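Comments concern the structure below.
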Amino acid sequence: MNTPQPRSDSRLAELDVEILLRFGLPNPGPHRSTLFGDGAVAAAITVDRLGVVPRALTFLGEVVRAGGTRFAAALPEPLPGPAAAAARGWLEAASTVVQGPQGDQLVARWLDAVAALLALRVTHREATP
């Protein structure tokens with residue numbers, strides 16, 4: 001078994017999260033693992049750089065649970081400010097492959113994972129002098 005090589009924030013931020021969503025949501029196994037691993041980290045880095053707070057992603061996950069991925073993708077501002085375009089791209093990519101409420105739940109779980117990683121980044125940054 002190969003040991004994963006560490007990646008910098010810059011390299012992770014270059015990942016195409018939309019492609020990871022298109023392949024990871026409908027395909028359990030390595031594609032989904034990558035989506036919830038590197039893809040969630042890449043998304044957290046992206047929104048962190050855009051000034052999003054974790055609760056905004058948590059709220060977006062609740063919107064997806066309540067209204068569905070397609071509904072959330074149609075929102076004029078799924079995340080505040082400049083992060084709206086990134087979130088809309090992720091939701092639109094997800095909506096092309098999500099089938100029904102179970103798929104929406106998976107998208108919401110992924111958003112929760114991104115929120116948790118973002119919270120860790122913020123907490124670590126605040127604790128580091």
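Letters A, B, ... mark the chains of the structure tokens in the order given; residue numbers begin at 1 per chain; ligand numbers begin at 1, in order shown.
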Task: Test item: residues at most 12 Å from Val64 of chain A, only C-alpha atoms, excluding those fewer than 2 positions along its chain, as a ChimeraX atom specification - done: /A:57-62,66-75,78,87,91,94-95,98,100-112
Include N, CA, C and O atoms and write out the residues we just selected as a tab-separated table (two decimals), in the first residue's frame.
```tsv
chain	number	residue	atom	x	y	z
A	57	LEU	N	-21.59	27.33	5.67
A	57	LEU	CA	-21.64	26.03	4.99
A	57	LEU	C	-22.61	25.08	5.67
A	57	LEU	O	-23.32	24.32	5.01
A	58	THR	N	-22.65	25.12	6.99
A	58	THR	CA	-23.59	24.29	7.74
A	58	THR	C	-25.02	24.67	7.36
A	58	THR	O	-25.87	23.80	7.13
A	59	PHE	N	-25.28	25.97	7.27
A	59	PHE	CA	-26.61	26.44	6.88
A	59	PHE	C	-26.94	25.99	5.46
A	59	PHE	O	-28.06	25.54	5.19
A	60	LEU	N	-25.97	26.09	4.56
A	60	LEU	CA	-26.20	25.65	3.18
A	60	LEU	C	-26.52	24.16	3.15
A	60	LEU	O	-27.40	23.72	2.40
A	61	GLY	N	-25.86	23.38	3.97
A	61	GLY	CA	-26.18	21.95	4.07
A	61	GLY	C	-27.62	21.74	4.51
A	61	GLY	O	-28.32	20.85	3.99
A	62	GLU	N	-28.10	22.54	5.44
A	62	GLU	CA	-29.49	22.44	5.89
A	62	GLU	C	-30.46	22.83	4.76
A	62	GLU	O	-31.53	22.23	4.62
A	66	ALA	N	-33.33	20.44	3.22
A	66	ALA	CA	-34.73	20.86	3.22
A	66	ALA	C	-35.30	21.00	1.81
A	66	ALA	O	-36.44	20.59	1.55
A	67	GLY	N	-34.53	21.58	0.90
A	67	GLY	CA	-35.07	21.89	-0.42
A	67	GLY	C	-34.48	21.11	-1.57
A	67	GLY	O	-35.01	21.13	-2.68
A	68	GLY	N	-33.35	20.47	-1.33
A	68	GLY	CA	-32.70	19.70	-2.38
A	68	GLY	C	-31.54	20.46	-3.01
A	68	GLY	O	-31.42	21.68	-2.87
A	69	THR	N	-30.71	19.70	-3.69
A	69	THR	CA	-29.50	20.27	-4.31
A	69	THR	C	-29.86	21.24	-5.42
A	69	THR	O	-29.27	22.32	-5.53
A	70	ARG	N	-30.84	20.88	-6.24
A	70	ARG	CA	-31.22	21.76	-7.35
A	70	ARG	C	-31.77	23.09	-6.84
A	70	ARG	O	-31.47	24.15	-7.39
A	71	PHE	N	-32.58	23.03	-5.79
A	71	PHE	CA	-33.11	24.25	-5.19
A	71	PHE	C	-31.97	25.14	-4.70
A	71	PHE	O	-31.93	26.34	-4.98
A	72	ALA	N	-31.02	24.55	-3.97
A	72	ALA	CA	-29.89	25.32	-3.44
A	72	ALA	C	-29.04	25.90	-4.56
A	72	ALA	O	-28.54	27.02	-4.44
A	73	ALA	N	-28.87	25.15	-5.65
A	73	ALA	CA	-28.07	25.64	-6.78
A	73	ALA	C	-28.71	26.86	-7.43
A	73	ALA	O	-28.01	27.68	-8.02
A	74	ALA	N	-30.02	26.98	-7.33
A	74	ALA	CA	-30.72	28.10	-7.96
A	74	ALA	C	-30.75	29.35	-7.08
A	74	ALA	O	-31.20	30.40	-7.52
A	75	LEU	N	-30.26	29.26	-5.86
A	75	LEU	CA	-30.24	30.43	-4.98
A	75	LEU	C	-29.32	31.50	-5.56
A	75	LEU	O	-28.25	31.18	-6.10
A	78	PRO	N	-25.83	31.32	-2.64
A	78	PRO	CA	-25.81	30.17	-1.74
A	78	PRO	C	-24.82	30.32	-0.58
A	78	PRO	O	-25.02	29.76	0.49
A	87	ALA	N	-19.73	28.17	-4.60
A	87	ALA	CA	-20.78	27.29	-4.07
A	87	ALA	C	-21.79	26.94	-5.16
A	87	ALA	O	-22.22	25.79	-5.26
A	91	LEU	N	-22.74	23.20	-6.38
A	91	LEU	CA	-24.13	22.70	-6.33
A	91	LEU	C	-24.65	22.34	-7.71
A	91	LEU	O	-25.38	21.36	-7.87
A	94	ALA	N	-23.10	19.05	-8.60
A	94	ALA	CA	-23.75	17.97	-7.83
A	94	ALA	C	-25.14	17.68	-8.37
A	94	ALA	O	-25.55	16.51	-8.44
A	95	SER	N	-25.85	18.73	-8.76
A	95	SER	CA	-27.24	18.52	-9.21
A	95	SER	C	-27.32	17.72	-10.51
A	95	SER	O	-28.35	17.14	-10.81
A	98	VAL	N	-27.04	13.99	-8.80
A	98	VAL	CA	-27.82	13.61	-7.61
A	98	VAL	C	-29.18	13.07	-8.04
A	98	VAL	O	-29.85	13.65	-8.89
A	100	GLY	N	-32.56	12.13	-6.22
A	100	GLY	CA	-33.49	12.03	-5.10
A	100	GLY	C	-32.92	12.46	-3.76
A	100	GLY	O	-31.79	12.94	-3.65
A	101	PRO	N	-33.73	12.26	-2.71
A	101	PRO	CA	-33.38	12.72	-1.36
A	101	PRO	C	-32.09	12.09	-0.81
A	101	PRO	O	-31.37	12.74	-0.06
A	102	GLN	N	-31.81	10.84	-1.17
A	102	GLN	CA	-30.57	10.23	-0.67
A	102	GLN	C	-29.34	10.94	-1.23
A	102	GLN	O	-28.35	11.13	-0.53
A	103	GLY	N	-29.41	11.34	-2.48
A	103	GLY	CA	-28.32	12.11	-3.07
A	103	GLY	C	-28.19	13.47	-2.43
A	103	GLY	O	-27.08	13.95	-2.18
A	104	ASP	N	-29.32	14.11	-2.14
A	104	ASP	CA	-29.29	15.40	-1.46
A	104	ASP	C	-28.66	15.27	-0.08
A	104	ASP	O	-27.88	16.14	0.34
A	105	GLN	N	-28.96	14.18	0.61
A	105	GLN	CA	-28.37	13.94	1.94
A	105	GLN	C	-26.84	13.80	1.82
A	105	GLN	O	-26.11	14.28	2.68
A	106	LEU	N	-26.39	13.15	0.77
A	106	LEU	CA	-24.95	12.98	0.57
A	106	LEU	C	-24.28	14.33	0.31
A	106	LEU	O	-23.21	14.61	0.84
A	107	VAL	N	-24.91	15.17	-0.49
A	107	VAL	CA	-24.38	16.51	-0.75
A	107	VAL	C	-24.33	17.30	0.56
A	107	VAL	O	-23.33	17.96	0.86
A	108	ALA	N	-25.39	17.23	1.36
A	108	ALA	CA	-25.42	17.93	2.64
A	108	ALA	C	-24.33	17.43	3.57
A	108	ALA	O	-23.67	18.22	4.26
A	109	ARG	N	-24.10	16.11	3.58
A	109	ARG	CA	-23.03	15.55	4.42
A	109	ARG	C	-21.67	16.06	3.96
A	109	ARG	O	-20.79	16.34	4.77
A	110	TRP	N	-21.49	16.18	2.64
A	110	TRP	CA	-20.22	16.70	2.12
A	110	TRP	C	-20.04	18.16	2.56
A	110	TRP	O	-18.96	18.55	2.99
A	111	LEU	N	-21.10	18.96	2.47
A	111	LEU	CA	-21.02	20.35	2.92
A	111	LEU	C	-20.70	20.42	4.41
A	111	LEU	O	-19.93	21.28	4.85
A	112	ASP	N	-21.26	19.50	5.19
A	112	ASP	CA	-20.94	19.44	6.63
A	112	ASP	C	-19.45	19.12	6.83
A	112	ASP	O	-18.81	19.67	7.73
```
Open item on the list: So that I can check the surroundings of segment 117-124 of chain A, please list as a PyMOL selection string every protein, DNA and RNA residue that reaches within 10 Å of it, counting only C-alpha atoms and ignoring chain neighbours fewer than 6 positions away.
Closed with: chain A and resi 40-48+52-55+57+111
Grab the residues selected above and save them as a short mmCIF file (atom, residue, chain, number, x, y, z; two decimals), in the first residue's frame with N, CA, C and O atoms.
```cif
data_model
loop_
_atom_site.label_atom_id
_atom_site.label_comp_id
_atom_site.auth_asym_id
_atom_site.auth_seq_id
_atom_site.Cartn_x
_atom_site.Cartn_y
_atom_site.Cartn_z
N ALA A 40 -12.99 17.76 -0.08
CA ALA A 40 -13.52 18.58 1.02
C ALA A 40 -12.47 19.56 1.52
O ALA A 40 -12.77 20.71 1.83
N VAL A 41 -11.22 19.12 1.57
CA VAL A 41 -10.14 20.02 1.99
C VAL A 41 -9.97 21.14 0.97
O VAL A 41 -9.85 22.31 1.33
N ALA A 42 -9.99 20.80 -0.31
CA ALA A 42 -9.86 21.82 -1.36
C ALA A 42 -10.99 22.84 -1.26
O ALA A 42 -10.76 24.05 -1.38
N ALA A 43 -12.21 22.37 -1.03
CA ALA A 43 -13.34 23.29 -0.90
C ALA A 43 -13.19 24.17 0.34
O ALA A 43 -13.46 25.38 0.29
N ALA A 44 -12.72 23.59 1.45
CA ALA A 44 -12.52 24.37 2.68
C ALA A 44 -11.46 25.45 2.47
O ALA A 44 -11.63 26.59 2.92
N ILE A 45 -10.39 25.12 1.77
CA ILE A 45 -9.34 26.10 1.48
C ILE A 45 -9.91 27.22 0.63
O ILE A 45 -9.68 28.40 0.88
N THR A 46 -10.69 26.86 -0.37
CA THR A 46 -11.28 27.85 -1.27
C THR A 46 -12.15 28.84 -0.52
O THR A 46 -11.99 30.06 -0.65
N VAL A 47 -13.08 28.32 0.28
CA VAL A 47 -14.00 29.25 0.97
C VAL A 47 -13.29 29.98 2.11
O VAL A 47 -13.67 31.11 2.44
N ASP A 48 -12.28 29.37 2.69
CA ASP A 48 -11.50 30.06 3.72
C ASP A 48 -10.83 31.28 3.13
O ASP A 48 -10.86 32.37 3.72
N VAL A 52 -15.34 32.94 4.16
CA VAL A 52 -16.58 32.31 4.62
C VAL A 52 -16.38 31.73 6.02
O VAL A 52 -15.31 31.22 6.34
N VAL A 53 -17.41 31.83 6.84
CA VAL A 53 -17.36 31.21 8.17
C VAL A 53 -18.03 29.84 8.09
O VAL A 53 -18.91 29.61 7.26
N PRO A 54 -17.61 28.91 8.96
CA PRO A 54 -18.15 27.54 8.89
C PRO A 54 -19.67 27.46 8.97
O PRO A 54 -20.28 26.63 8.29
N ARG A 55 -20.29 28.30 9.77
CA ARG A 55 -21.75 28.20 9.91
C ARG A 55 -22.50 28.47 8.61
O ARG A 55 -23.61 27.99 8.42
N LEU A 57 -21.59 27.33 5.67
CA LEU A 57 -21.64 26.03 4.99
C LEU A 57 -22.61 25.08 5.67
O LEU A 57 -23.32 24.32 5.01
N LEU A 111 -21.10 18.96 2.47
CA LEU A 111 -21.02 20.35 2.92
C LEU A 111 -20.70 20.42 4.41
O LEU A 111 -19.93 21.28 4.85
#
```
Task: Top pick for closest residue to Glu92 of chain A, considering A:Val63, A:Glu18, A:Leu35, A:Ala113 and counting only C-alpha atoms - done: A:Glu18
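Ranking A:Arg65, A:Gly51, A:Ser8, A:Val114 by their shortest atom-to-atom distance to Ala84 of chain A, with only C-alpha atoms included, puts A:Gly51 first.
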TODO: Please identify which residues in chain A DSSP calls helix (DSSP H, G or I) from the backbone, and express them as number ranges by chain.
DONE: A: 9-13, 17-24, 30-49, 54-67, 69-73, 83-95, 100-127
How would the residues just chosen look if you wrote them out with C-alpha atoms as a tab-separated table (two decimals), in the first residue's frame?
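This went into part08.tsv:
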```
chain	number	residue	atom	x	y	z
A	9	ASP	CA	-2.78	24.18	0.45
A	10	SER	CA	-1.87	25.60	-2.95
A	11	ARG	CA	-1.85	22.17	-4.60
A	12	LEU	CA	-5.10	21.12	-2.94
A	13	ALA	CA	-6.77	24.41	-3.91
A	17	VAL	CA	-14.01	20.21	-6.87
A	18	GLU	CA	-16.82	20.19	-9.44
A	19	ILE	CA	-15.30	17.17	-11.21
A	20	LEU	CA	-14.79	15.43	-7.86
A	21	LEU	CA	-18.47	16.00	-7.06
A	22	ARG	CA	-19.59	14.64	-10.44
A	23	PHE	CA	-17.59	11.45	-9.99
A	24	GLY	CA	-17.67	11.04	-6.21
A	30	PRO	CA	-12.26	5.58	-4.23
A	31	HIS	CA	-14.03	8.42	-6.06
A	32	ARG	CA	-16.24	9.17	-3.06
A	33	SER	CA	-13.30	8.82	-0.68
A	34	THR	CA	-11.40	11.39	-2.72
A	35	LEU	CA	-14.41	13.71	-2.71
A	36	PHE	CA	-14.79	13.55	1.06
A	37	GLY	CA	-11.01	13.69	1.59
A	38	ASP	CA	-9.00	15.89	-0.75
A	39	GLY	CA	-12.13	17.41	-2.32
A	40	ALA	CA	-13.52	18.58	1.02
A	41	VAL	CA	-10.14	20.02	1.99
A	42	ALA	CA	-9.86	21.82	-1.36
A	43	ALA	CA	-13.34	23.29	-0.90
A	44	ALA	CA	-12.52	24.37	2.68
A	45	ILE	CA	-9.34	26.10	1.48
A	46	THR	CA	-11.28	27.85	-1.27
A	47	VAL	CA	-14.00	29.25	0.97
A	48	ASP	CA	-11.50	30.06	3.72
A	49	ARG	CA	-9.60	32.25	1.28
A	54	PRO	CA	-18.15	27.54	8.89
A	55	ARG	CA	-21.75	28.20	9.91
A	56	ALA	CA	-22.52	29.46	6.39
A	57	LEU	CA	-21.64	26.03	4.99
A	58	THR	CA	-23.59	24.29	7.74
A	59	PHE	CA	-26.61	26.44	6.88
A	60	LEU	CA	-26.20	25.65	3.18
A	61	GLY	CA	-26.18	21.95	4.07
A	62	GLU	CA	-29.49	22.44	5.89
A	63	VAL	CA	-30.92	24.20	2.82
A	64	VAL	CA	-29.88	21.22	0.69
A	65	ARG	CA	-31.52	18.83	3.19
A	66	ALA	CA	-34.73	20.86	3.22
A	67	GLY	CA	-35.07	21.89	-0.42
A	69	THR	CA	-29.50	20.27	-4.31
A	70	ARG	CA	-31.22	21.76	-7.35
A	71	PHE	CA	-33.11	24.25	-5.19
A	72	ALA	CA	-29.89	25.32	-3.44
A	73	ALA	CA	-28.07	25.64	-6.78
A	83	ALA	CA	-17.92	32.56	-2.38
A	84	ALA	CA	-21.38	32.46	-3.97
A	85	ALA	CA	-19.93	31.60	-7.40
A	86	ALA	CA	-17.84	28.72	-6.02
A	87	ALA	CA	-20.78	27.29	-4.07
A	88	ARG	CA	-23.11	27.63	-7.05
A	89	GLY	CA	-20.60	25.77	-9.24
A	90	TRP	CA	-20.35	22.94	-6.70
A	91	LEU	CA	-24.13	22.70	-6.33
A	92	GLU	CA	-24.73	22.81	-10.07
A	93	ALA	CA	-22.15	20.04	-10.59
A	94	ALA	CA	-23.75	17.97	-7.83
A	95	SER	CA	-27.24	18.52	-9.21
A	100	GLY	CA	-33.49	12.03	-5.10
A	101	PRO	CA	-33.38	12.72	-1.36
A	102	GLN	CA	-30.57	10.23	-0.67
A	103	GLY	CA	-28.32	12.11	-3.07
A	104	ASP	CA	-29.29	15.40	-1.46
A	105	GLN	CA	-28.37	13.94	1.94
A	106	LEU	CA	-24.95	12.98	0.57
A	107	VAL	CA	-24.38	16.51	-0.75
A	108	ALA	CA	-25.42	17.93	2.64
A	109	ARG	CA	-23.03	15.55	4.42
A	110	TRP	CA	-20.22	16.70	2.12
A	111	LEU	CA	-21.02	20.35	2.92
A	112	ASP	CA	-20.94	19.44	6.63
A	113	ALA	CA	-17.49	17.89	6.11
A	114	VAL	CA	-16.28	21.05	4.38
A	115	ALA	CA	-17.68	23.14	7.27
A	116	ALA	CA	-15.89	20.95	9.83
A	117	LEU	CA	-12.58	21.26	7.99
A	118	LEU	CA	-13.04	25.01	7.66
A	119	ALA	CA	-13.74	25.24	11.40
A	120	LEU	CA	-10.50	23.36	12.11
A	121	ARG	CA	-8.56	25.74	9.89
A	122	VAL	CA	-10.06	28.78	11.61
A	123	THR	CA	-9.50	27.36	15.11
A	124	HIS	CA	-5.89	26.45	14.32
A	125	ARG	CA	-5.20	29.85	12.80
A	126	GLU	CA	-6.67	31.65	15.83
A	127	ALA	CA	-4.66	29.46	18.24
```
